[in-house]
Every structure is written in structure tokens, then in C-alpha cells.
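Everything below belongs to model34.cif, which stores mmCIF, C-alpha atoms.
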```cif
data_final
loop_
_atom_site.label_atom_id
_atom_site.label_comp_id
_atom_site.auth_asym_id
_atom_site.auth_seq_id
_atom_site.Cartn_x
_atom_site.Cartn_y
_atom_site.Cartn_z
CA MET A 7 -12.35 19.97 -20.33
CA ASN A 8 -12.64 16.30 -21.40
CA ILE A 9 -15.37 14.37 -19.55
CA SER A 10 -12.92 11.74 -18.24
CA ILE A 11 -10.61 14.43 -16.80
CA ALA A 12 -13.58 16.28 -15.28
CA VAL A 13 -14.80 13.05 -13.68
CA LEU A 14 -11.34 12.28 -12.28
CA VAL A 15 -11.09 15.77 -10.75
CA SER A 16 -14.59 15.40 -9.29
CA VAL A 17 -13.70 12.04 -7.75
CA PHE A 18 -10.60 13.60 -6.15
CA ILE A 19 -12.75 16.39 -4.69
CA LEU A 20 -15.36 13.96 -3.34
CA ILE A 21 -12.68 11.80 -1.76
CA ALA A 22 -11.22 14.93 -0.14
CA VAL A 23 -14.47 16.34 1.26
CA ARG A 24 -16.24 12.98 1.80
CA LYS A 25 -19.56 14.77 2.28
CA ILE A 26 -22.34 16.49 0.32
CA GLY A 27 -24.88 18.14 2.59
CA HIS A 28 -25.95 15.53 5.13
CA PHE A 29 -24.73 12.62 3.00
CA ASN A 30 -21.40 10.94 3.79
CA ILE A 31 -19.71 9.58 0.69
CA LYS A 32 -17.26 6.70 1.01
CA ILE A 33 -14.16 6.40 -1.16
CA TRP A 34 -15.48 3.36 -3.04
CA GLN A 35 -18.74 5.14 -3.81
CA SER A 36 -16.93 8.13 -5.34
CA MET A 37 -14.71 5.95 -7.51
CA THR A 38 -17.53 3.62 -8.58
CA GLY A 39 -19.70 6.59 -9.50
CA GLY A 40 -16.86 8.02 -11.60
CA ALA A 41 -16.35 4.72 -13.44
CA LEU A 42 -20.07 4.41 -14.20
CA ILE A 43 -20.18 7.96 -15.60
CA VAL A 44 -17.32 7.39 -18.07
CA ILE A 45 -18.95 4.14 -19.22
CA VAL A 46 -22.44 5.64 -19.58
CA THR A 47 -21.07 8.67 -21.45
CA GLN A 48 -19.08 6.28 -23.70
CA GLN A 49 -15.69 7.73 -22.77
CA ILE A 50 -14.65 4.09 -22.60
CA SER A 51 -16.38 1.05 -24.08
CA VAL A 52 -17.74 -1.71 -21.88
CA PHE A 53 -15.26 -4.15 -23.44
CA ALA A 54 -12.31 -1.78 -22.80
CA ALA A 55 -13.53 -1.19 -19.25
CA ILE A 56 -13.62 -4.93 -18.50
CA LYS A 57 -10.22 -5.40 -20.12
CA ALA A 58 -8.77 -2.57 -18.01
CA ILE A 59 -9.51 -4.41 -14.75
CA ASP A 60 -6.35 -6.19 -13.60
CA LEU A 61 -7.49 -9.71 -12.69
CA ASP A 62 -4.22 -10.54 -10.91
CA VAL A 63 -4.62 -7.58 -8.55
CA MET A 64 -8.27 -8.45 -7.88
CA LEU A 65 -7.49 -12.10 -7.12
CA PHE A 66 -4.54 -11.12 -4.93
CA LEU A 67 -6.70 -8.75 -2.88
CA LEU A 68 -9.52 -11.30 -2.61
CA GLY A 69 -7.16 -13.97 -1.29
CA MET A 70 -5.55 -11.59 1.19
CA PHE A 71 -8.92 -10.33 2.42
CA ILE A 72 -9.98 -13.91 3.13
CA ILE A 73 -6.75 -14.59 5.06
CA GLY A 74 -7.10 -11.31 6.97
CA GLN A 75 -10.70 -12.06 7.91
CA ALA A 76 -9.75 -15.55 9.12
CA LEU A 77 -6.96 -14.08 11.25
CA VAL A 78 -9.33 -11.53 12.83
CA ALA A 79 -12.36 -13.83 13.29
CA SER A 80 -10.24 -16.52 14.97
CA GLY A 81 -8.45 -14.04 17.25
CA TYR A 82 -5.11 -15.36 16.00
CA LEU A 83 -4.02 -11.95 14.67
CA TYR A 84 -4.42 -10.36 18.10
CA TYR A 85 -2.76 -13.34 19.74
CA ILE A 86 0.30 -12.81 17.52
CA ALA A 87 0.22 -9.08 18.29
CA TYR A 88 0.25 -9.76 22.02
CA ARG A 89 3.31 -11.99 21.59
CA LEU A 90 5.06 -9.34 19.47
CA PHE A 91 4.09 -6.13 21.26
CA GLY A 92 3.40 -7.38 24.81
CA GLY A 93 6.82 -6.24 26.00
CA LEU A 94 6.47 -2.64 24.73
CA LYS A 95 5.60 -0.33 27.61
CA SER A 96 5.39 3.13 26.02
CA VAL A 97 3.74 4.85 23.06
CA GLN A 98 7.21 5.66 21.68
CA HIS A 99 8.21 2.01 21.64
CA LEU A 100 4.85 0.90 20.23
CA VAL A 101 5.02 3.41 17.34
CA MET A 102 8.62 2.40 16.61
CA GLY A 103 7.67 -1.27 16.77
CA ILE A 104 4.82 -0.80 14.28
CA LEU A 105 6.92 1.47 12.06
CA PHE A 106 9.97 -0.74 11.69
CA GLY A 107 8.10 -4.06 12.01
CA ALA A 108 5.57 -3.19 9.31
CA ALA A 109 8.29 -1.72 7.07
CA LEU A 110 10.41 -4.87 7.19
CA SER A 111 7.37 -7.12 6.79
CA SER A 112 6.12 -5.17 3.76
CA ALA A 113 9.50 -5.65 2.07
CA LEU A 114 9.00 -9.41 2.38
CA LEU A 115 5.23 -9.88 2.08
CA MET A 116 4.16 -6.85 -0.03
CA ASN A 117 2.65 -3.62 1.23
CA ASP A 118 -0.97 -4.45 0.37
CA THR A 119 -0.68 -7.62 2.47
CA LEU A 120 0.41 -5.61 5.49
CA ALA A 121 -2.35 -3.05 4.85
CA ILE A 122 -4.99 -5.78 5.02
CA ILE A 123 -3.57 -7.60 8.03
CA GLY A 124 -2.21 -4.58 9.90
CA THR A 125 -5.27 -2.29 9.94
CA PRO A 126 -7.45 -4.28 12.38
CA LEU A 127 -4.35 -4.86 14.49
CA VAL A 128 -3.41 -1.20 14.96
CA LEU A 129 -7.04 -0.24 15.57
CA ARG A 130 -7.24 -2.78 18.37
CA LEU A 131 -3.98 -1.49 19.86
CA ALA A 132 -5.33 2.07 19.68
CA ARG A 133 -8.55 1.09 21.51
CA GLU A 134 -6.78 -1.04 24.10
CA HIS A 135 -4.31 1.70 25.07
CA THR A 136 -6.52 4.76 24.33
CA ILE A 137 -4.06 6.02 21.70
CA ASN A 138 -5.22 8.26 18.85
CA SER A 139 -6.08 5.75 16.12
CA LYS A 140 -5.03 8.24 13.43
CA LEU A 141 -1.45 8.16 14.76
CA LEU A 142 -1.24 4.38 14.45
CA LEU A 143 -3.04 4.27 11.08
CA LEU A 144 -0.62 6.86 9.66
CA THR A 145 2.32 4.97 11.16
CA LEU A 146 1.15 1.80 9.41
CA ALA A 147 0.50 3.55 6.08
CA TYR A 148 3.85 5.35 5.92
CA ALA A 149 5.77 2.33 7.22
CA ILE A 150 4.54 -0.08 4.57
CA THR A 151 5.04 2.47 1.79
CA ILE A 152 8.63 3.30 2.78
CA GLY A 153 9.54 -0.27 3.72
CA SER A 154 8.31 -1.65 0.41
CA VAL A 155 10.72 0.60 -1.53
CA MET A 156 13.76 -1.57 -0.82
CA SER A 157 12.44 -4.88 -2.16
CA PRO A 158 11.49 -6.15 -5.64
CA ILE A 159 8.41 -7.81 -4.11
CA GLY A 160 7.58 -4.98 -1.70
CA ASN A 161 4.88 -3.69 -4.04
CA PRO A 162 3.53 -4.45 -7.55
CA GLN A 163 5.40 -1.63 -9.31
CA ASN A 164 8.74 -2.76 -7.87
CA PHE A 165 8.08 -6.27 -9.11
CA LEU A 166 7.27 -4.89 -12.57
CA ILE A 167 10.57 -2.96 -12.59
CA ALA A 168 12.51 -6.01 -11.43
CA SER A 169 10.92 -8.31 -14.02
CA GLN A 170 11.08 -5.95 -17.02
CA GLY A 171 14.09 -3.80 -16.16
CA GLY A 172 16.72 -6.44 -16.83
CA LEU A 173 18.12 -6.60 -13.27
CA ARG A 174 20.43 -9.59 -12.93
CA ALA A 175 20.12 -9.92 -9.12
CA PRO A 176 16.99 -7.93 -8.19
CA PHE A 177 17.01 -8.49 -4.42
CA GLN A 178 20.67 -7.56 -4.15
CA ALA A 179 20.19 -4.53 -6.44
CA TYR A 180 17.25 -3.16 -4.46
CA PHE A 181 18.84 -3.73 -1.08
CA GLN A 182 22.21 -2.22 -1.98
CA ALA A 183 20.64 0.81 -3.63
CA LEU A 184 17.80 1.54 -1.24
CA ALA A 185 18.28 -0.02 2.23
CA VAL A 186 20.29 2.83 3.78
CA PRO A 187 18.09 5.78 2.65
CA THR A 188 15.01 3.72 3.53
CA LEU A 189 16.20 3.28 7.13
CA ILE A 190 16.97 7.01 7.31
CA ASN A 191 13.49 7.80 6.06
CA LEU A 192 11.88 5.51 8.63
CA TRP A 193 13.63 7.45 11.38
CA LEU A 194 12.51 10.73 9.81
CA THR A 195 8.95 9.41 9.74
CA TYR A 196 9.11 8.59 13.45
CA LEU A 197 10.44 12.06 14.28
CA LEU A 198 7.76 13.79 12.18
CA LEU A 199 4.95 11.72 13.71
CA ARG A 200 6.31 12.46 17.15
CA LEU A 201 6.32 16.19 16.34
CA VAL A 202 2.77 16.26 14.93
CA TYR A 203 1.29 14.00 17.61
CA ARG A 204 3.54 15.15 20.47
CA GLN A 205 0.68 15.11 23.02
CA GLU A 206 0.26 11.37 22.48
CA PHE A 207 3.92 10.85 23.34
CA ILE A 208 4.04 13.34 26.22
CA ASN A 209 0.85 12.30 28.00
CA GLY A 210 1.09 8.60 27.33
CA MET A 211 0.81 6.34 30.39
CA PRO A 212 2.83 3.12 30.60
CA LEU A 213 1.15 0.53 28.38
CA THR A 214 -0.47 -2.50 29.96
CA HIS A 215 -1.22 -5.28 27.50
CA SER A 216 -4.17 -7.55 28.28
CA PRO A 217 -3.59 -11.25 27.58
CA VAL A 218 -5.38 -12.45 24.45
CA LYS A 219 -7.28 -15.70 24.04
CA LEU A 220 -8.16 -17.36 20.76
CA LEU A 221 -11.80 -16.92 19.76
CA ASP A 222 -12.00 -19.97 17.49
CA LYS A 223 -9.25 -22.56 17.91
CA GLN A 224 -10.13 -24.51 14.77
CA LEU A 225 -10.17 -21.38 12.61
CA ALA A 226 -6.94 -20.23 14.27
CA LYS A 227 -5.23 -23.42 13.09
CA LEU A 228 -6.48 -22.79 9.57
CA ALA A 229 -5.38 -19.16 9.72
CA ARG A 230 -1.94 -20.31 10.89
CA ALA A 231 -1.82 -22.70 7.92
CA SER A 232 -2.68 -19.78 5.62
CA LEU A 233 0.15 -17.70 7.06
CA PHE A 234 2.54 -20.62 6.65
CA LEU A 235 1.54 -21.02 2.98
CA LEU A 236 1.80 -17.26 2.42
CA ILE A 237 5.31 -17.02 3.87
CA THR A 238 6.55 -20.26 2.29
CA LEU A 239 5.29 -19.40 -1.20
CA SER A 240 6.65 -15.85 -0.91
CA ALA A 241 10.06 -17.28 0.07
CA LEU A 242 9.87 -19.65 -2.91
CA LYS A 243 9.06 -16.71 -5.19
CA ILE A 244 12.12 -14.85 -3.84
CA MET A 245 14.36 -17.87 -4.42
CA LEU A 246 13.10 -18.42 -7.98
CA ALA A 247 13.58 -14.74 -8.84
CA ASN A 248 17.12 -14.75 -7.44
CA ILE A 249 18.20 -17.74 -9.51
CA HIS A 250 16.46 -16.34 -12.62
CA SER A 251 14.25 -19.40 -12.93
CA SER A 252 11.75 -19.58 -15.80
CA ILE A 253 9.17 -20.78 -13.28
CA ARG A 254 6.99 -17.85 -12.19
CA ILE A 255 4.66 -17.72 -9.23
CA GLU A 256 2.23 -14.82 -9.48
CA LEU A 257 1.23 -12.90 -6.37
CA SER A 258 -2.38 -13.74 -7.11
CA HIS A 259 -1.53 -17.46 -7.08
CA ILE A 260 0.18 -17.11 -3.70
CA ALA A 261 -2.78 -15.28 -2.16
CA ILE A 262 -5.44 -17.65 -3.51
CA ILE A 263 -3.53 -20.80 -2.50
CA ALA A 264 -2.87 -19.37 0.98
CA ALA A 265 -6.58 -18.54 1.34
CA LEU A 266 -7.69 -22.14 0.66
CA PRO A 267 -7.46 -23.61 4.22
CA PRO A 268 -10.23 -21.44 5.76
CA ILE A 269 -12.36 -21.63 2.60
CA LEU A 270 -12.11 -25.42 2.24
CA PHE A 271 -12.07 -26.57 5.85
CA SER A 272 -13.72 -23.92 8.04
CA SER A 273 -17.32 -24.43 9.15
CA ILE A 274 -17.90 -20.66 8.91
CA ARG A 275 -16.53 -20.23 5.37
CA LEU A 276 -19.71 -18.45 4.21
CA GLN A 277 -19.45 -15.98 7.09
CA ILE A 278 -15.80 -15.31 6.17
CA LEU A 279 -16.72 -14.70 2.53
CA LYS A 280 -19.59 -12.46 3.56
CA SER A 281 -17.21 -10.40 5.72
CA VAL A 282 -14.69 -9.86 2.90
CA ASP A 283 -14.23 -6.17 2.11
CA TRP A 284 -16.11 -6.29 -1.19
CA SER A 285 -16.40 -2.49 -1.32
CA THR A 286 -12.61 -2.16 -1.56
CA LEU A 287 -12.53 -4.71 -4.39
CA LEU A 288 -15.20 -2.65 -6.15
CA PHE A 289 -13.09 0.48 -5.62
CA PHE A 290 -10.12 -1.08 -7.39
CA ALA A 291 -12.17 -2.39 -10.29
CA ALA A 292 -13.69 1.09 -10.71
CA MET A 293 -10.27 2.75 -10.41
CA PHE A 294 -8.86 0.63 -13.24
CA VAL A 295 -11.77 1.65 -15.46
CA LEU A 296 -11.57 5.38 -14.69
CA ILE A 297 -7.78 5.53 -15.08
CA ALA A 298 -7.97 3.68 -18.42
CA SER A 299 -10.55 6.20 -19.59
CA VAL A 300 -8.33 9.12 -18.56
CA TRP A 301 -5.29 7.61 -20.26
CA GLN A 302 -7.20 7.21 -23.52
CA THR A 303 -7.70 10.99 -23.67
CA GLY A 304 -3.95 11.55 -24.17
CA PHE A 305 -4.06 14.41 -21.64
CA MET A 306 -1.28 13.01 -19.46
CA GLN A 307 0.97 12.33 -22.43
CA GLN A 308 0.51 15.87 -23.77
CA TRP A 309 1.22 17.34 -20.34
CA VAL A 310 4.49 15.42 -20.00
CA ASN A 311 5.59 16.32 -23.54
CA ALA A 312 4.89 19.99 -22.88
CA LEU A 313 7.39 20.00 -20.01
CA GLN A 314 10.27 19.47 -22.49
CA ILE A 315 12.63 17.90 -19.98
CA ASP A 316 14.99 14.94 -20.03
CA LEU A 317 12.69 12.15 -18.87
CA THR A 318 15.65 9.83 -18.20
CA SER A 319 17.43 11.93 -15.55
CA VAL A 320 17.18 10.78 -11.93
CA SER A 321 15.50 14.03 -10.83
CA ALA A 322 12.90 13.91 -13.61
CA ILE A 323 12.16 10.23 -13.03
CA MET A 324 11.56 10.76 -9.31
CA ILE A 325 9.47 13.93 -9.65
CA LEU A 326 7.34 12.74 -12.58
CA SER A 327 6.72 9.27 -11.18
CA ALA A 328 5.74 10.68 -7.77
CA THR A 329 3.45 13.26 -9.40
CA LEU A 330 1.76 11.16 -12.07
CA SER A 331 1.24 8.27 -9.65
CA GLN A 332 -1.27 10.50 -7.87
CA LEU A 333 -3.35 10.65 -11.05
CA ILE A 334 -3.01 7.32 -12.85
CA SER A 335 -1.73 5.10 -9.99
CA ASN A 336 1.84 3.83 -9.66
CA VAL A 337 1.59 0.48 -11.44
CA PRO A 338 0.23 1.90 -14.75
CA LEU A 339 2.75 4.76 -14.44
CA VAL A 340 5.67 2.35 -14.17
CA ALA A 341 4.38 0.23 -17.05
CA LEU A 342 4.28 3.34 -19.23
CA TYR A 343 7.58 4.81 -18.03
CA LEU A 344 9.78 1.73 -18.45
CA PRO A 345 9.80 1.84 -22.28
CA ILE A 346 11.01 5.46 -22.11
CA LEU A 347 14.15 4.30 -20.28
CA GLU A 348 15.98 2.55 -23.10
CA ASN A 349 18.70 0.28 -21.68
CA PRO A 350 18.30 1.78 -18.18
CA ASP A 351 21.03 1.54 -15.56
CA VAL A 352 20.33 0.40 -12.01
CA GLN A 353 20.23 3.97 -10.72
CA SER A 354 17.43 4.96 -13.14
CA LEU A 355 15.40 1.88 -12.27
CA MET A 356 15.80 2.51 -8.54
CA ALA A 357 14.79 6.16 -9.03
CA LEU A 358 11.61 4.97 -10.76
CA ALA A 359 10.91 2.50 -7.96
CA THR A 360 11.46 5.21 -5.37
CA GLY A 361 9.35 7.95 -6.95
CA SER A 362 6.41 5.72 -7.85
CA THR A 363 6.36 4.15 -4.37
CA ILE A 364 6.95 7.24 -2.21
CA ALA A 365 4.05 8.79 -4.13
CA GLY A 366 1.93 6.90 -1.61
CA ASN A 367 3.13 9.12 1.24
CA PHE A 368 1.78 12.34 -0.28
CA LEU A 369 -1.93 11.68 -0.76
CA ILE A 370 -4.37 8.85 -0.09
CA LEU A 371 -4.74 7.92 -3.77
CA GLY A 372 -0.96 7.75 -4.25
CA ALA A 373 -0.93 4.09 -3.17
CA ALA A 374 -3.44 1.26 -3.18
CA SER A 375 -2.32 0.31 0.34
CA ASN A 376 -3.57 3.69 1.65
CA VAL A 377 -7.04 3.03 0.26
CA ILE A 378 -7.06 -0.48 1.73
CA ILE A 379 -6.13 0.88 5.17
CA ILE A 380 -8.79 3.62 5.14
CA GLN A 381 -11.57 1.42 3.77
CA ASN A 382 -10.64 -1.32 6.25
CA ALA A 383 -10.57 1.21 9.10
CA GLU A 384 -13.98 2.65 8.22
CA LYS A 385 -15.41 -0.85 8.18
CA ARG A 386 -14.21 -1.22 11.80
CA GLY A 387 -15.30 2.17 13.11
CA GLY A 388 -12.07 4.10 12.46
CA THR A 389 -11.32 6.73 9.86
CA LEU A 390 -8.57 8.86 8.35
CA GLY A 391 -9.42 11.95 6.32
CA PHE A 392 -7.87 13.16 3.08
CA PHE A 393 -6.49 16.34 4.65
CA GLU A 394 -5.32 14.58 7.82
CA PHE A 395 -3.28 12.25 5.66
CA ALA A 396 -1.94 15.08 3.48
CA TYR A 397 -1.05 17.29 6.47
CA VAL A 398 1.66 14.83 7.50
CA GLY A 399 2.13 13.07 4.17
CA ILE A 400 3.06 16.01 1.93
CA PRO A 401 6.02 17.25 4.03
CA LEU A 402 7.02 13.64 4.73
CA GLY A 403 6.89 12.74 1.04
CA PHE A 404 9.10 15.69 0.08
CA LEU A 405 11.60 14.77 2.82
CA ASN A 406 11.61 11.15 1.66
CA LEU A 407 12.26 12.09 -1.97
CA LEU A 408 15.00 14.53 -0.90
CA ILE A 409 16.82 11.83 1.08
CA TYR A 410 16.64 9.38 -1.81
CA TRP A 411 17.70 12.08 -4.32
CA ILE A 412 20.75 13.04 -2.22
CA TRP A 413 21.62 9.36 -1.90
CA PHE A 414 21.37 8.70 -5.65
CA CYS A 415 23.16 11.87 -6.77
CA TYR A 416 25.94 12.24 -4.22
CA ILE A 417 26.51 8.96 -2.39
CA TYR A 418 25.28 5.90 -4.31
CA SER A 419 26.86 5.11 -7.66
#
```
Encoding of this model in C-alpha cells:
Amino acid sequence: MNISIAVLVSVFILIAVRKIGHFNIKIWQSMTGGALIVIVTQQISVFAAIKAIDLDVMLFLLGMFIIGQALVASGYLYYIAYRLFGGLKSVQHLVMGILFGAALSSALLMNDTLAIIGTPLVLRLAREHTINSKLLLLTLAYAITIGSVMSPIGNPQNFLIASQGGLRAPFQAYFQALAVPTLINLWLTYLLLRLVYRQEFINGMPLTHSPVKLLDKQLAKLARASLFLLITLSALKIMLANIHSSIRIELSHIAIIAALPPILFSSIRLQILKSVDWSTLLFFAAMFVLIASVWQTGFMQQWVNALQIDLTSVSAIMILSATLSQLISNVPLVALYLPILENPDVQSLMALATGSTIAGNFLILGAASNVIIIQNAEKRGGTLGFFEFAYVGIPLGFLNLLIYWIWFCYIYS
């Protein structure tokens, strides 16, 4: 077996077991170790490794981590949550509120954004109401994955499809093709979570929400300014994309600009920067390096060619994109798959968006947002294991793909 493939398999195993003897191994440590091994063994050159790291993704995450930390440190995030969820009096309503609220928000503000902002929020709600934190973390993870399917800016791979797939009206195309099955899948997610965590729903006492006060009023104002910039620039990006303007605003630009108020004007800017989740940023840099090393082996390409199937059919697109996204991540998968679809129709592009995105519901590594949620949770005393995620995620992912497949093949045309 090629060293890069062996390292990738080993990283998967370490992420699944998370432990060797008495030593607990975090996700970022497994991935960073894998990246170092392929560099040291010269499976990838140092120059190629540096080139493989997507600077736009790294800057986007850095900006969003700064905004998220400002929201948490000021107490403004929990203040907003109290205003939004204060009227919900049962676990059922709270789960539904998080599920549909996070799904809609991820379609507008991108799933990674919601992963960063939403994780500390759901953990606080779990502690306040003595709800199993795993239930709310899974609700958040599945919600932002499914919700992001129906928007060209819901996740990076959708944006890549919208920008390179030749869609004339991307927002209209995504919404018309994917809104209905997405809503159906959100309801299915709620029913499955209620089945798996039925004791939380049966034994749940009426929820009593404690009023929330701001911890730092000055920082709260700056955090509010960051949110305003984030939403305004995202809306501007949507408008420019809809009118096919030549002016492009990158997601990294939006995140960095929105992060400026607390960095420039807060008296605790150094504390905010120190509290940024640097380990997650290291994970992503290492992931880019390891995946580039694996791709250079040609193993994935040979495997796909050996299948001898029509790679342009809706079924093949959905199955392959969902499967290969587990191994090489969804954004590189989409970048490699798009050239295969010569002059693709809307249905093929939407199938690619669906498969590559719903991949995130199967396993932790199927979506960057999953890793962000788990790393963020572990930083705050929570956790979500590989098998706990897969126990719900694998059946949910198959159900999700089935709903979308039925929609594409028999209803949508």
C-alpha cells in the first residue's frame, strides 16, 4: 500500500478511536501527524504542501473564529439566544428551533459560519436545561449540512458549482431544485433524532430560560458591528451573484472585514486572538496537505475508473460525490468532478451539490463544519465521538440521499 494511503487510513482510525493506551488523541493531532509523515517521507514536497493549503479557507475561518470569540466573550451570543429561544418551553420545540433556524441561517451565512457561532450556543443551552449535549450538537451539525444544500453560498462546494457550472440565476436554480426535498429531510432528521434520543423528549421538563446579561458592553457593541458587516456583505455578495456582476467578493474578504471591529477597537484584542481556535486552523492546513498527497498517488482516479460506470448520471454523481467526499473532502471532489460534466444541465449540477454536501451527514470527516463543531465543543468541555456521529449519521445520510434521488428522478425536471 502507498505510504500516503496508509497514512490516510491510519488518521481515519485514530480519529475513530481517539485513544492509544492512556493517551487521548485529538482530531487535529491525528491530522497534523499524518501531514508531517507524508512530508518527512517525501510523499509530497514542502513547496507542494504549502501550495496545497487553501489560503481563502484559512482566512475565512480565522475571521469567523475572531467574530465567534467576540460574540462569546461579550455575552452577546447568549443574549441573542435568549431573545430567540426564550419562548420555547419544551425540548421538542428547542430541537426544532435549532434544526430549522440553523438550517435557514446556514443557507444565508454558510455552514462553517454557523458551526463556529452555533457550537458554544447549543452547549450553553444543553447545560442550562440539562439536555444531552450530544443531541444538540448533532442537531446543529445535521441542520447546517442539510440547510446549506439549497443555497449557492451555503457551503464552499456549492459556491464553486454556482461559479463554474454556468448557472444563469444560481439562487433561483438552487432554491427551485432543492428547497422542497431539503425541508422534507429536515423533518426526517427531527424524527430520527427524536427516535434515537427519545428519553430526552419523554422525560424533558418544561424549559425555564434564565435572563442573560451582557458580560462586556463595549465588546458587545463591536460584536454587533461584526454581525452587521457579516450580514450586509453576505447580502451584497448574493446581489452581485444574482445580477452576474464582474465584481467578486470572496468569503475570506467578508470574514476578515467583519472581524475588524473587535481587532481594531477592543481593549482585549490580544485575549481574543489568543482564544482563537488555532488547533482547528492547524487541522485544516494539515488536511489540505494530506489530501493533496493522497491525490498525487492516483489511487482515487484508478478506483473510479475501475468502476466503469457512467459518471454523468444523477445516481452516479450522488453516490460517488458522497463517497469520495469522505476521503478527499467535498471541495476538492467538486473541483475535480466538474470538468467531467461537460456542458452539465441543472439537474446534474444539483446532484453534485447534493451528494458532496450530504456527505457531511455520514461521518465526521465528510464536512469541515463537523470538525469545527467537534473541535469547538472539546475546547468548551463537550465532545462527540466518531461512532456516536456515525450511528445516527449513516442511516440519516442514506435517507437524505434517497429523498433527493427520488425528487430528481421522479418529480423535479
- Would you translate the PyMOL selection byres ((chain A and resi 228-230) around 8) into the concrete set of residues it matches in this file, as a ChimeraX atom specification? /A:73,76-77,80,82,224-227,231-234,267-268,271-272
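In this comparison, which uses all atoms listed in the file, the residue of A:Leu344, A:Ala54, A:Leu100, A:Ala373 approaching Phe290 in chain A most closely is A:Ala373.
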Computed gap from CA of Ile167 in chain A to CA of Leu355 in chain A is 6.8 Å
**Reference answer for the PyMOL selection byres ((chain A and resi 337) around 10), as an MDAnalysis selection string** = chainID A and resid 161:167 331 334:336 338:343 362:363 373:374
Output C-alpha atoms for every residue in the selection just made, as a PDB file, in the coordinates of the input.
```
ATOM      1  CA  ASN A 161       4.880  -3.690  -4.040  1.00  0.00           C
ATOM      2  CA  PRO A 162       3.530  -4.450  -7.550  1.00  0.00           C
ATOM      3  CA  GLN A 163       5.400  -1.630  -9.310  1.00  0.00           C
ATOM      4  CA  ASN A 164       8.740  -2.760  -7.870  1.00  0.00           C
ATOM      5  CA  PHE A 165       8.080  -6.270  -9.110  1.00  0.00           C
ATOM      6  CA  LEU A 166       7.270  -4.890 -12.570  1.00  0.00           C
ATOM      7  CA  ILE A 167      10.570  -2.960 -12.590  1.00  0.00           C
ATOM      8  CA  SER A 331       1.240   8.270  -9.650  1.00  0.00           C
ATOM      9  CA  ILE A 334      -3.010   7.320 -12.850  1.00  0.00           C
ATOM     10  CA  SER A 335      -1.730   5.100  -9.990  1.00  0.00           C
ATOM     11  CA  ASN A 336       1.840   3.830  -9.660  1.00  0.00           C
ATOM     12  CA  PRO A 338       0.230   1.900 -14.750  1.00  0.00           C
ATOM     13  CA  LEU A 339       2.750   4.760 -14.440  1.00  0.00           C
ATOM     14  CA  VAL A 340       5.670   2.350 -14.170  1.00  0.00           C
ATOM     15  CA  ALA A 341       4.380   0.230 -17.050  1.00  0.00           C
ATOM     16  CA  LEU A 342       4.280   3.340 -19.230  1.00  0.00           C
ATOM     17  CA  TYR A 343       7.580   4.810 -18.030  1.00  0.00           C
ATOM     18  CA  SER A 362       6.410   5.720  -7.850  1.00  0.00           C
ATOM     19  CA  THR A 363       6.360   4.150  -4.370  1.00  0.00           C
ATOM     20  CA  ALA A 373      -0.930   4.090  -3.170  1.00  0.00           C
ATOM     21  CA  ALA A 374      -3.440   1.260  -3.180  1.00  0.00           C
TER      22      ALA A 374
END
```
One decimal place gives the CA of Thr329 in chain A-CA of Leu114 in chain A separation as 26.1 Å
